[in-house]
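Below is my_file22.cif, which holds mmCIF, C-alpha atoms and all ligand atoms.
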data_entry
#
loop_
_atom_site.label_atom_id
_atom_site.label_comp_id
_atom_site.auth_asym_id
_atom_site.auth_seq_id
_atom_site.Cartn_x
_atom_site.Cartn_y
_atom_site.Cartn_z
CA MET A 250 53.91 29.78 92.54
CA ASN A 251 53.02 27.30 95.27
CA THR A 252 51.44 24.36 93.47
CA THR A 253 51.41 21.73 96.22
CA PHE A 254 47.99 21.51 97.82
CA THR A 255 47.87 19.30 100.91
CA PHE A 256 44.57 18.13 102.37
CA ALA A 257 43.20 15.28 104.51
CA ASN A 258 43.40 12.67 101.74
CA GLY A 259 46.85 13.53 100.43
CA SER A 260 48.44 16.14 98.27
CA LEU A 261 47.92 17.40 94.74
CA GLN A 262 49.78 19.55 92.23
CA LEU A 263 47.42 22.36 91.25
CA SER A 264 48.17 25.15 88.79
CA ARG A 265 46.27 28.24 87.83
CA TRP A 266 45.06 28.36 84.25
CA PRO A 267 46.36 29.51 81.86
CA LEU A 268 49.81 28.38 82.98
CA HIS A 269 52.77 30.74 83.29
CA GLN A 270 51.04 33.67 84.94
CA PRO A 271 53.31 36.58 85.86
CA ASN A 272 52.13 36.87 89.47
CA ASN A 273 53.85 33.97 91.21
CA SER A 274 52.25 34.58 94.58
CA LEU A 275 48.82 33.43 93.37
CA GLN A 276 47.78 29.81 93.78
CA ALA A 277 45.04 27.63 92.33
CA TRP A 278 43.07 27.06 95.54
CA ASP A 279 42.12 28.99 98.67
CA ALA A 280 40.93 28.43 102.22
CA ALA A 281 37.32 28.35 101.02
CA ASP A 282 38.17 25.30 98.89
CA GLU A 283 39.84 23.69 101.91
CA LEU A 284 36.71 24.21 104.04
CA LEU A 285 34.45 22.76 101.37
CA ILE A 286 36.67 19.74 100.84
CA HIS A 287 36.97 19.03 104.57
CA HIS A 288 33.20 19.16 105.14
CA THR A 289 32.37 17.26 101.95
CA LEU A 290 34.65 14.38 102.92
CA GLU A 291 32.80 14.14 106.26
CA SER A 292 29.35 14.43 104.67
CA ALA A 293 30.22 11.94 101.93
CA THR A 294 31.32 9.33 104.48
CA GLN A 295 28.06 9.70 106.38
CA PHE A 296 26.08 9.64 103.15
CA SER A 297 27.75 6.41 101.97
CA ARG A 298 27.08 4.72 105.32
CA GLN A 299 23.44 5.73 105.26
CA HIS A 300 22.63 5.11 101.58
CA LYS A 301 25.06 2.25 100.81
CA ARG A 302 26.36 4.11 97.77
CA GLU A 303 28.72 6.98 97.00
CA PRO A 304 27.18 10.45 96.70
CA ALA A 305 26.96 12.29 93.37
CA LEU A 306 28.45 15.79 93.62
CA LEU A 307 27.45 19.02 91.95
CA LEU A 308 30.37 21.48 91.93
CA ILE A 309 29.60 25.09 91.09
CA ASN A 310 32.30 27.74 90.40
CA ASP A 311 35.30 25.49 90.96
CA SER A 312 37.82 27.95 89.48
CA PHE A 313 40.85 25.78 88.73
CA GLY A 314 39.48 22.37 89.69
CA ALA A 315 40.75 22.14 93.29
CA LEU A 316 37.38 20.70 94.40
CA SER A 317 37.15 18.41 91.42
CA CYS A 318 40.65 17.00 91.99
CA ALA A 319 40.43 16.61 95.77
CA LEU A 320 37.07 14.83 95.47
CA ALA A 321 37.88 12.90 92.31
CA GLN A 322 36.72 9.59 93.82
CA TYR A 323 33.11 10.80 93.52
CA THR A 324 31.06 11.21 90.36
CA GLN A 325 30.83 14.90 89.65
CA VAL A 326 29.02 17.40 87.52
CA GLN A 327 31.04 20.62 87.45
CA VAL A 328 29.18 23.80 86.44
CA ASN A 329 31.22 26.84 85.41
CA ASP A 330 30.57 30.00 83.44
CA SER A 331 34.24 30.15 82.50
CA LEU A 332 35.95 28.15 79.77
CA LEU A 333 39.29 28.80 81.51
CA ALA A 334 37.94 27.18 84.69
CA GLN A 335 36.93 24.11 82.69
CA GLN A 336 40.29 23.91 80.94
CA GLY A 337 42.16 24.42 84.23
CA THR A 338 40.20 21.57 85.82
CA VAL A 339 40.99 19.14 83.02
CA TYR A 340 44.68 20.13 83.12
CA ASN A 341 44.89 19.69 86.91
CA ARG A 342 43.10 16.34 86.83
CA GLN A 343 45.46 15.12 84.14
CA GLN A 344 48.63 16.33 85.87
CA ASN A 345 47.54 14.40 88.99
CA GLY A 346 46.72 11.25 87.03
CA LEU A 347 43.01 11.54 87.87
CA ALA A 348 40.59 10.03 85.37
CA VAL A 349 38.37 12.53 83.62
CA THR A 350 35.68 9.87 83.18
CA THR A 351 34.03 10.64 86.56
CA LEU A 352 33.87 14.33 85.61
CA GLN A 353 31.08 15.86 83.59
CA GLN A 354 31.56 19.55 82.79
CA GLN A 355 28.71 21.79 81.79
CA SER A 356 28.19 25.47 81.19
CA SER A 357 26.38 27.85 83.54
CA LEU A 358 23.42 27.97 81.17
CA SER A 359 22.76 24.22 80.93
CA PRO A 360 20.05 22.79 83.19
CA TYR A 361 21.50 21.54 86.48
CA PRO A 362 21.38 17.78 87.10
CA GLN A 363 18.33 16.59 89.05
CA ALA A 364 18.61 15.57 92.71
CA PRO A 365 22.35 16.06 93.42
CA ASP A 366 23.40 14.39 96.70
CA ILE A 367 25.94 17.05 97.71
CA VAL A 368 26.19 20.56 96.24
CA LEU A 369 29.48 22.44 96.67
CA LEU A 370 29.28 26.10 95.79
CA LYS A 371 32.15 28.58 95.75
CA LEU A 372 30.23 31.84 96.15
CA PRO A 373 30.59 34.20 93.20
CA ASN A 374 31.21 37.86 94.08
CA ASN A 375 28.41 38.86 91.80
CA HIS A 376 25.06 38.65 93.59
CA SER A 377 23.05 38.43 90.37
CA TYR A 378 24.94 35.28 89.48
CA LEU A 379 24.46 33.92 93.01
CA HIS A 380 20.76 34.60 92.65
CA TYR A 381 20.70 32.78 89.33
CA ILE A 382 22.55 29.78 90.81
CA LEU A 383 20.19 29.54 93.79
CA GLN A 384 17.16 29.77 91.49
CA GLN A 385 18.57 26.95 89.36
CA LEU A 386 19.29 24.87 92.46
CA SER A 387 15.78 25.35 93.83
CA GLY A 388 14.48 23.54 90.73
CA VAL A 389 16.61 20.40 91.20
CA LEU A 390 17.28 19.88 94.92
CA THR A 391 15.53 17.37 97.17
CA PRO A 392 15.12 17.68 100.95
CA ASP A 393 17.93 15.10 101.24
CA SER A 394 20.43 17.17 99.23
CA ILE A 395 23.33 18.47 101.30
CA ILE A 396 24.18 22.05 100.34
CA LEU A 397 27.57 23.49 101.25
CA ALA A 398 28.90 26.87 100.16
CA SER A 399 32.01 28.79 101.05
CA ALA A 400 33.74 32.14 100.57
CA LYS A 401 35.82 34.71 102.38
CA ALA A 402 34.09 35.72 105.62
CA LYS A 403 33.87 39.34 104.43
CA ASP A 404 31.78 38.22 101.44
CA ILE A 405 29.22 36.33 103.55
CA ASN A 406 26.91 38.97 104.90
CA ARG A 407 23.30 39.04 106.06
CA ASN A 408 22.02 39.59 102.49
CA VAL A 409 23.83 36.53 101.21
CA LEU A 410 22.48 34.32 103.99
CA ALA A 411 18.98 35.74 103.44
CA MET A 412 19.23 34.86 99.75
CA PHE A 413 19.95 31.21 100.65
CA GLU A 414 17.27 31.17 103.34
CA HIS A 415 14.58 32.65 101.08
CA THR A 416 15.40 30.67 97.94
CA LEU A 417 16.40 27.26 99.35
CA GLY A 418 15.64 26.89 103.06
CA PRO A 419 17.16 26.98 106.58
CA THR A 420 20.74 28.24 106.42
CA SER A 421 23.59 28.63 108.87
CA ALA A 422 27.18 29.86 108.61
CA SER A 423 30.24 28.59 110.49
CA LEU A 424 32.72 30.73 112.37
CA ALA A 425 35.62 31.94 110.28
CA VAL A 426 38.47 29.53 109.57
CA LYS A 427 41.48 31.13 107.83
CA LYS A 428 39.19 34.12 107.11
CA CYS A 429 36.61 31.94 105.31
CA ARG A 430 33.21 30.64 106.37
CA LEU A 431 31.14 27.63 105.41
CA ILE A 432 27.42 27.98 104.69
CA SER A 433 25.24 24.91 105.26
CA CYS A 434 21.72 24.82 103.97
CA ARG A 435 18.78 22.39 103.85
CA TYR A 436 16.35 22.51 100.99
CA ASN A 437 12.76 23.11 102.04
CA ALA A 438 10.45 22.02 99.23
CA ALA A 439 7.47 23.68 100.93
CA LEU A 440 9.16 27.09 100.96
CA GLN A 441 7.16 29.94 99.50
CA GLN A 442 9.54 30.95 96.71
CA PRO A 443 10.42 34.65 96.52
CA ALA A 444 9.68 36.42 93.24
CA THR A 445 12.16 35.06 90.73
CA ILE A 446 14.43 37.40 88.79
CA ASN A 447 13.91 36.79 85.11
CA PHE A 448 17.37 36.48 83.61
CA PRO A 449 18.60 37.69 81.23
CA LEU A 450 18.27 41.35 82.17
CA ARG A 451 17.89 44.01 79.49
CA TRP A 452 18.84 47.70 79.59
CA PRO A 453 18.36 50.39 76.96
CA LEU A 454 21.54 51.49 75.21
CA GLU A 455 21.77 55.27 75.50
CA HIS A 456 21.31 57.35 72.30
CA SER A 457 19.92 54.31 70.49
CA ILE A 458 16.78 52.28 69.98
CA TYR A 459 18.49 49.11 71.23
CA ASN A 460 18.18 47.01 74.39
CA VAL A 461 21.29 45.15 75.51
CA VAL A 462 20.75 41.59 76.79
CA ASN A 463 22.66 40.46 79.89
CA HIS A 464 22.79 37.04 81.49
CA ALA A 465 23.46 36.95 85.21
CA ASN A 466 27.26 36.68 85.18
CA VAL A 467 28.05 39.18 82.46
CA PHE A 468 30.31 42.21 82.85
CA SER A 469 28.34 45.50 83.15
CA ARG A 470 25.05 43.63 83.21
CA GLU A 471 23.10 46.49 84.75
CA LYS A 472 24.40 49.48 82.81
CA LEU A 473 26.88 50.52 80.16
CA ASP A 474 30.52 50.28 81.24
CA GLN A 475 32.28 53.67 81.24
CA GLY A 476 35.14 52.40 79.10
CA ALA A 477 32.65 50.94 76.60
CA ARG A 478 30.78 54.27 76.58
CA PHE A 479 33.99 56.06 75.57
CA PHE A 480 34.79 53.36 73.00
CA LEU A 481 31.34 53.77 71.40
CA GLN A 482 32.35 57.36 70.53
CA HIS A 483 35.50 56.13 68.77
CA LEU A 484 34.53 53.07 66.79
CA PRO A 485 36.30 52.65 63.45
CA ALA A 486 34.73 53.10 60.04
CA VAL A 487 35.10 49.66 58.52
CA ALA A 488 34.86 48.84 54.80
CA GLU A 489 31.84 46.72 53.82
CA GLY A 490 32.74 43.06 53.56
CA GLN A 491 35.52 43.27 56.16
CA THR A 492 35.75 40.98 59.18
CA VAL A 493 35.72 42.45 62.68
CA ILE A 494 36.23 40.65 65.99
CA ASP A 495 34.63 41.86 69.22
CA LEU A 496 37.19 40.28 71.56
CA GLY A 497 35.99 39.82 75.15
CA CYS A 498 32.56 40.78 73.82
CA GLY A 499 30.60 40.59 77.11
CA ASN A 500 27.02 41.50 76.19
CA GLY A 501 28.12 42.42 72.63
CA VAL A 502 27.52 46.16 72.98
CA LEU A 503 30.56 47.19 70.88
CA GLY A 504 29.74 44.81 68.04
CA LEU A 505 26.09 45.84 68.15
CA ALA A 506 26.99 49.50 67.65
CA LEU A 507 29.41 48.73 64.83
CA LEU A 508 27.00 46.39 63.05
CA SER A 509 24.21 48.97 63.26
CA ARG A 510 26.34 51.42 61.21
CA HIS A 511 27.26 48.99 58.43
CA ASP A 512 25.29 46.96 55.93
CA ALA A 513 27.59 44.01 55.38
CA ILE A 514 30.51 43.57 57.74
CA ASN A 515 31.20 40.15 59.23
CA MET A 516 31.38 40.10 63.01
CA LEU A 517 32.85 37.51 65.33
CA PHE A 518 31.92 37.78 69.02
CA CYS A 519 34.37 35.97 71.37
CA ASP A 520 34.43 35.59 75.13
CA GLU A 521 35.54 32.95 77.62
CA SER A 522 32.24 33.31 79.53
CA TYR A 523 29.34 31.19 78.31
CA MET A 524 26.87 33.75 79.60
CA ALA A 525 28.68 36.55 77.78
CA VAL A 526 28.59 34.79 74.42
CA GLU A 527 24.92 33.90 74.85
CA SER A 528 24.16 37.50 75.85
CA ALA A 529 25.92 38.82 72.73
CA ARG A 530 24.01 36.35 70.58
CA GLN A 531 20.69 37.52 72.04
CA THR A 532 21.70 41.20 71.88
CA ILE A 533 22.20 40.87 68.13
CA SER A 534 19.24 38.61 67.40
CA GLU A 535 16.82 40.83 69.35
CA ASN A 536 18.09 44.17 67.98
CA LEU A 537 19.44 43.46 64.51
CA PRO A 538 17.75 40.20 63.48
CA ASP A 539 18.52 40.74 59.79
CA LYS A 540 22.25 40.95 60.62
CA THR A 541 22.54 37.66 62.53
CA ALA A 542 23.62 35.84 59.37
CA LEU A 543 26.71 38.11 59.32
CA CYS A 544 27.69 37.12 62.89
CA ARG A 545 29.44 34.23 64.59
CA PHE A 546 29.57 33.71 68.35
CA THR A 547 32.21 31.62 70.05
CA VAL A 548 33.39 30.72 73.53
CA ASP A 549 37.19 30.87 73.35
CA ASP A 550 40.26 31.67 75.42
CA CYS A 551 41.22 34.95 73.73
CA LEU A 552 41.43 34.00 70.02
CA SER A 553 43.01 30.56 70.42
CA GLN A 554 40.61 28.92 67.94
CA GLN A 555 40.85 31.60 65.26
CA PRO A 556 43.00 31.15 62.16
CA ASP A 557 46.01 33.39 61.43
CA LYS A 558 45.47 36.43 59.19
CA SER A 559 41.68 36.14 59.14
CA ALA A 560 40.42 39.49 60.48
CA ASP A 561 40.61 43.14 59.41
CA TYR A 562 39.79 44.68 62.79
CA VAL A 563 39.87 43.55 66.41
CA LEU A 564 37.99 45.69 68.95
CA CYS A 565 38.75 45.09 72.61
CA ASN A 566 37.88 46.46 76.02
CA PRO A 567 40.27 44.09 77.84
CA PRO A 568 39.74 42.63 81.32
CA PHE A 569 42.20 43.32 84.09
CA HIS A 570 40.92 40.66 86.52
CA GLN A 571 40.90 36.90 86.56
CA GLN A 572 38.52 35.71 89.28
CA GLN A 573 39.38 38.11 92.13
CA ALA A 574 43.00 38.66 91.07
CA VAL A 575 44.09 41.83 89.27
CA THR A 576 46.24 40.78 86.33
CA GLY A 577 47.49 42.00 82.95
CA HIS A 578 48.25 38.61 81.46
CA ILE A 579 44.87 38.13 79.78
CA ALA A 580 45.08 41.53 78.06
CA GLY A 581 48.62 40.63 76.95
CA GLN A 582 47.38 37.32 75.51
CA MET A 583 44.50 39.12 73.77
CA PHE A 584 46.92 41.57 72.11
CA SER A 585 49.29 38.87 70.87
CA ASP A 586 46.41 36.70 69.63
CA ALA A 587 44.99 39.75 67.85
CA LYS A 588 48.32 40.32 66.12
CA ARG A 589 48.40 36.70 64.89
CA VAL A 590 44.76 36.74 63.74
CA LEU A 591 44.89 40.13 61.97
CA LYS A 592 45.61 40.29 58.27
CA GLN A 593 48.55 42.37 57.12
CA GLY A 594 47.43 45.99 57.54
CA GLY A 595 44.71 44.96 60.03
CA HIS A 596 43.97 47.11 63.10
CA LEU A 597 43.64 46.38 66.81
CA ARG A 598 41.68 49.14 68.54
CA ILE A 599 41.27 49.12 72.33
CA VAL A 600 39.96 51.19 75.19
CA ALA A 601 41.83 51.11 78.50
CA ASN A 602 42.44 53.00 81.70
CA HIS A 603 45.41 55.39 81.29
CA HIS A 604 47.32 53.88 84.18
CA LEU A 605 47.54 50.41 82.64
CA GLY A 606 50.24 51.57 80.23
CA TYR A 607 49.02 49.50 77.27
CA ALA A 608 50.48 51.99 74.75
CA ASP A 609 53.94 50.64 75.60
CA THR A 610 52.74 47.04 75.44
CA LEU A 611 51.24 47.57 71.96
CA GLN A 612 54.26 49.55 70.75
CA ARG A 613 56.54 46.65 71.75
CA LEU A 614 54.30 44.02 70.17
CA PHE A 615 53.25 45.74 66.94
CA GLY A 616 56.11 48.22 66.51
CA ASN A 617 53.55 51.04 66.43
CA CYS A 618 50.70 52.43 68.51
CA ARG A 619 48.67 55.61 68.13
CA GLN A 620 46.54 57.27 70.78
CA LEU A 621 43.31 58.22 69.01
CA ALA A 622 41.50 59.84 71.93
CA ALA A 623 41.68 60.34 75.67
CA ASP A 624 39.49 61.55 78.51
CA PRO A 625 40.51 61.91 82.16
CA LYS A 626 40.12 58.15 82.73
CA PHE A 627 40.44 56.29 79.42
CA VAL A 628 42.50 56.17 76.25
CA ILE A 629 41.65 54.77 72.84
CA LEU A 630 44.70 53.11 71.29
CA GLU A 631 45.23 51.59 67.89
CA ALA A 632 48.03 49.38 66.58
CA ILE A 633 48.41 48.21 62.98
CA LYS A 634 49.86 44.89 61.91
CA ARG A 635 52.68 45.70 59.50
CA SER A 636 54.90 43.18 57.76
C1 LIG B 1 36.02 44.65 80.36
S1 LIG B 1 34.95 43.35 79.82
C2 LIG B 1 34.37 44.04 78.26
C3 LIG B 1 33.00 43.54 77.87
C4 LIG B 1 32.38 44.31 76.68
N1 LIG B 1 33.21 44.19 75.51
C5 LIG B 1 32.18 45.76 77.05
O1 LIG B 1 32.94 46.60 76.51
O2 LIG B 1 31.28 46.06 77.85
C6 LIG B 1 36.11 42.11 79.36
C7 LIG B 1 35.53 40.82 78.84
O3 LIG B 1 36.61 39.92 78.56
C8 LIG B 1 36.18 38.61 78.84
N2 LIG B 1 37.35 37.73 79.04
C9 LIG B 1 38.10 37.58 80.16
N3 LIG B 1 39.08 36.68 79.94
C10 LIG B 1 38.95 36.26 78.67
C11 LIG B 1 39.66 35.32 77.86
N4 LIG B 1 40.70 34.65 78.34
N5 LIG B 1 39.24 35.12 76.61
C12 LIG B 1 38.16 35.78 76.11
N6 LIG B 1 37.45 36.67 76.82
C13 LIG B 1 37.85 36.92 78.08
C14 LIG B 1 35.32 38.77 80.10
O4 LIG B 1 34.46 37.66 80.27
C15 LIG B 1 34.59 40.08 79.79
O5 LIG B 1 33.37 39.84 79.16
#
What is this structure when it is put down as structure tokens?
Ligand SMILES: C[S@@+](CC[C@H](N)C(=O)[O-])C[C@H]1O[C@@H](n2cnc3c(N)ncnc32)[C@H](O)[C@@H]1O
Amino acid sequence: MNTTFTFANGSLQLSRWPLHQPNNSLQAWDAADELLIHHTLESATQFSRQHKREPALLLINDSFGALSCALAQYTQVQVNDSLLAQQGTVYNRQQNGLAVTTLQQQSSLSPYPQAPDIVLLKLPNNHSYLHYILQQLSGVLTPDSIILASAKAKDINRNVLAMFEHTLGPTSASLAVKKCRLISCRYNAALQQPATINFPLRWPLEHSIYNVVNHANVFSREKLDQGARFFLQHLPAVAEGQTVIDLGCGNGVLGLALLSRHDAINMLFCDESYMAVESARQTISENLPDKTALCRFTVDDCLSQQPDKSADYVLCNPPFHQQQAVTGHIAGQMFSDAKRVLKQGGHLRIVANHHLGYADTLQRLFGNCRQLAADPKFVILEAIKRS
């Protein structure tokens, strides 16, 4: 993996997080980061000359901390929905000897800091989340705030520019540099705000009386995922009093369905996305309020914070992406964490696309794996932790 990132002010060692990913061709920054850094350094110099102080930065969606590290001389608030992005940033700052004292990290759901001098936004692919971010920004910007955003040129279309224009103010986009473009925007306080989208969104869960709650950056936020739909037909019968983990819970739809069929199971909802965990919490509290005392909700990288031999069942519809990259390493980490966290005789049950070949992965890890069901696209697999 190329870890040496060179830019106008020097060079940095930047790693993707978690470390030791199988795909060595991926790196921890991209040309969109380079564009943002280049233009921020210019804007920051002008800002300092004009205001006789250094600008305060607001960094949004800085995946592995490339922006945070390259601009470490400025006070920063870094907003991410991903715990892994936060951890990657801290790791990269430390490995470059950069103080973490100028860095304040906050989750996507915390209020944004008032009156940031320069906003740097790596555009998310998900337009609901972009909408949410722009709505949050419109509540804190001043006409003096400098707003810079960047992404691959193919992801900056007329709709994206219109979203900036309508929510914040006059917007322009640069020509492509290394297939990326820079968006510059000026906040217009007098702008007639478009109708706001009220996040979280809710959709009715088919064949049930429940409504699933979805914050803006949550997987399958507008409808039930097909894999989850198949999994809902093959949930386990769990003994009362047992502990079940909904690993990579997203909006909590799997745990909701399981809880609704049992009187007294203990559920743990885990995800690395702050919006996912908050969605799961709201899904349960709005649909099964008398069961909330049986539930815990935690933002975690797989099950890193969970004790060994503490769960009877782990349910998982694993991800096969990290940011834009297709990867199996997170699913692999989820399976090995599940094995550690399961009690002797405990079960890991997953849904996955056939082609991912997880039956072999589970067979190697657990020494057993049964296919419980299959349709043309998905399989339900179960592995048992034996001594
Ligand atoms: C395919 S979605 C499944 C969501 C939900 N369980 C469902 O079935 O609709 C995978 C989930 O895994 C989460 N995830 C990705 N990486 C993770 C990690 N390292 N630790 C915990 N959760 C992770 C994602 O945020 C996403 O919510």
Q: Pick out the residues sitting within 10 Å of A:Pro360, and hand them over as a ChimeraX atom specification; count only C-alpha atoms, and ignore anything fewer than 5 positions along from it in its own chain.
A: /A:328,355,385-386,388-389
Could you list, as a tab-separated table (two decimals) with C-alpha atoms, in the coordinates of the input, every residue within 12 Å of stretch 576-583 of chain A, counting all atoms listed in the file and ignoring same-chain residues fewer than 5 positions away?
chain	number	residue	atom	x	y	z
A	266	TRP	CA	45.06	28.36	84.25
A	267	PRO	CA	46.36	29.51	81.86
A	268	LEU	CA	49.81	28.38	82.98
A	269	HIS	CA	52.77	30.74	83.29
A	270	GLN	CA	51.04	33.67	84.94
A	271	PRO	CA	53.31	36.58	85.86
A	272	ASN	CA	52.13	36.87	89.47
A	273	ASN	CA	53.85	33.97	91.21
A	274	SER	CA	52.25	34.58	94.58
A	275	LEU	CA	48.82	33.43	93.37
A	333	LEU	CA	39.29	28.80	81.51
A	494	ILE	CA	36.23	40.65	65.99
A	495	ASP	CA	34.63	41.86	69.22
A	496	LEU	CA	37.19	40.28	71.56
A	497	GLY	CA	35.99	39.82	75.15
A	519	CYS	CA	34.37	35.97	71.37
A	520	ASP	CA	34.43	35.59	75.13
A	521	GLU	CA	35.54	32.95	77.62
A	549	ASP	CA	37.19	30.87	73.35
A	550	ASP	CA	40.26	31.67	75.42
A	551	CYS	CA	41.22	34.95	73.73
A	552	LEU	CA	41.43	34.00	70.02
A	553	SER	CA	43.01	30.56	70.42
A	555	GLN	CA	40.85	31.60	65.26
A	563	VAL	CA	39.87	43.55	66.41
A	564	LEU	CA	37.99	45.69	68.95
A	565	CYS	CA	38.75	45.09	72.61
A	566	ASN	CA	37.88	46.46	76.02
A	567	PRO	CA	40.27	44.09	77.84
A	568	PRO	CA	39.74	42.63	81.32
A	569	PHE	CA	42.20	43.32	84.09
A	570	HIS	CA	40.92	40.66	86.52
A	571	GLN	CA	40.90	36.90	86.56
A	588	LYS	CA	48.32	40.32	66.12
A	589	ARG	CA	48.40	36.70	64.89
A	590	VAL	CA	44.76	36.74	63.74
A	591	LEU	CA	44.89	40.13	61.97
A	597	LEU	CA	43.64	46.38	66.81
A	598	ARG	CA	41.68	49.14	68.54
A	599	ILE	CA	41.27	49.12	72.33
A	600	VAL	CA	39.96	51.19	75.19
A	601	ALA	CA	41.83	51.11	78.50
A	604	HIS	CA	47.32	53.88	84.18
A	605	LEU	CA	47.54	50.41	82.64
A	606	GLY	CA	50.24	51.57	80.23
A	607	TYR	CA	49.02	49.50	77.27
A	608	ALA	CA	50.48	51.99	74.75
A	609	ASP	CA	53.94	50.64	75.60
A	610	THR	CA	52.74	47.04	75.44
A	611	LEU	CA	51.24	47.57	71.96
A	613	ARG	CA	56.54	46.65	71.75
A	614	LEU	CA	54.30	44.02	70.17
Q. For A:Gly346, which residue among A:Ser359, A:Gln262, A:Ser509, A:Thr445 is the nearest when counting all atoms listed in the file?
A.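 The answer is A:Gln262, which sits nearest to A:Gly346.
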Q) A:Ile405, A:Ile395, A:Ala587, A:Leu484: which is nearest A:Asp366, counting all atoms listed in the file? A)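 Result for the nearest residue to A:Asp366: A:Ile395.
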(Q) At a cut-off of 10 Å, using only C-alpha atoms, what residues contact A:Ser423? Leave out same-chain residues fewer than 2 positions from it and give the result as a VMD selection string. (A) chain A and resid 399 402 421 425 to 426 429 to 433
Q | Nearest candidate to A:Asn617 (options A:His288, A:His603, A:His511, A:Lys634; using only C-alpha atoms) | A |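 Ranked by minimum distance to A:Asn617, first place goes to A:Lys634.
Of the listed residues A:Ala486, A:Glu414, A:Glu535, A:Ser528, the one whose atoms come nearest to A:His596 is A:Ala486, with distances taken using only C-alpha atoms.
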Could you add N, CA and C atoms to stretch 614-628 of chain A and give me the result as a PDB file, in the coordinates of the input?
ATOM      1  N   LEU A 614      54.802  45.197  70.906  1.00  0.00           N
ATOM      2  CA  LEU A 614      54.300  44.020  70.170  1.00  0.00           C
ATOM      3  C   LEU A 614      54.135  44.297  68.679  1.00  0.00           C
ATOM      4  N   PHE A 615      53.574  45.453  68.338  1.00  0.00           N
ATOM      5  CA  PHE A 615      53.250  45.740  66.940  1.00  0.00           C
ATOM      6  C   PHE A 615      54.303  46.632  66.263  1.00  0.00           C
ATOM      7  N   GLY A 616      55.152  47.270  67.082  1.00  0.00           N
ATOM      8  CA  GLY A 616      56.110  48.220  66.510  1.00  0.00           C
ATOM      9  C   GLY A 616      55.477  49.569  66.226  1.00  0.00           C
ATOM     10  N   ASN A 617      54.218  49.737  66.590  1.00  0.00           N
ATOM     11  CA  ASN A 617      53.550  51.040  66.430  1.00  0.00           C
ATOM     12  C   ASN A 617      52.334  51.069  67.340  1.00  0.00           C
ATOM     13  N   CYS A 618      51.932  52.261  67.732  1.00  0.00           N
ATOM     14  CA  CYS A 618      50.700  52.430  68.510  1.00  0.00           C
ATOM     15  C   CYS A 618      50.353  53.911  68.511  1.00  0.00           C
ATOM     16  N   ARG A 619      49.101  54.216  68.151  1.00  0.00           N
ATOM     17  CA  ARG A 619      48.670  55.610  68.130  1.00  0.00           C
ATOM     18  C   ARG A 619      47.589  55.820  69.184  1.00  0.00           C
ATOM     19  N   GLN A 620      47.644  56.912  69.889  1.00  0.00           N
ATOM     20  CA  GLN A 620      46.540  57.270  70.780  1.00  0.00           C
ATOM     21  C   GLN A 620      45.532  58.073  69.975  1.00  0.00           C
ATOM     22  N   LEU A 621      44.313  57.556  69.851  1.00  0.00           N
ATOM     23  CA  LEU A 621      43.310  58.220  69.010  1.00  0.00           C
ATOM     24  C   LEU A 621      42.472  59.205  69.811  1.00  0.00           C
ATOM     25  N   ALA A 622      42.318  58.957  71.102  1.00  0.00           N
ATOM     26  CA  ALA A 622      41.500  59.840  71.930  1.00  0.00           C
ATOM     27  C   ALA A 622      41.815  59.569  73.392  1.00  0.00           C
ATOM     28  N   ALA A 623      41.471  60.532  74.227  1.00  0.00           N
ATOM     29  CA  ALA A 623      41.680  60.340  75.670  1.00  0.00           C
ATOM     30  C   ALA A 623      40.672  61.187  76.424  1.00  0.00           C
ATOM     31  N   ASP A 624      40.236  60.706  77.570  1.00  0.00           N
ATOM     32  CA  ASP A 624      39.490  61.550  78.510  1.00  0.00           C
ATOM     33  C   ASP A 624      40.206  61.398  79.849  1.00  0.00           C
ATOM     34  N   PRO A 625      39.722  61.988  80.923  1.00  0.00           N
ATOM     35  CA  PRO A 625      40.510  61.910  82.160  1.00  0.00           C
ATOM     36  C   PRO A 625      40.778  60.472  82.617  1.00  0.00           C
ATOM     37  N   LYS A 626      39.937  59.515  82.224  1.00  0.00           N
ATOM     38  CA  LYS A 626      40.120  58.150  82.730  1.00  0.00           C
ATOM     39  C   LYS A 626      40.642  57.161  81.677  1.00  0.00           C
ATOM     40  N   PHE A 627      40.180  57.338  80.427  1.00  0.00           N
ATOM     41  CA  PHE A 627      40.440  56.290  79.420  1.00  0.00           C
ATOM     42  C   PHE A 627      41.233  56.809  78.228  1.00  0.00           C
ATOM     43  N   VAL A 628      41.887  55.868  77.545  1.00  0.00           N
ATOM     44  CA  VAL A 628      42.500  56.170  76.250  1.00  0.00           C
ATOM     45  C   VAL A 628      41.961  55.190  75.211  1.00  0.00           C
TER      46      VAL A 628
END
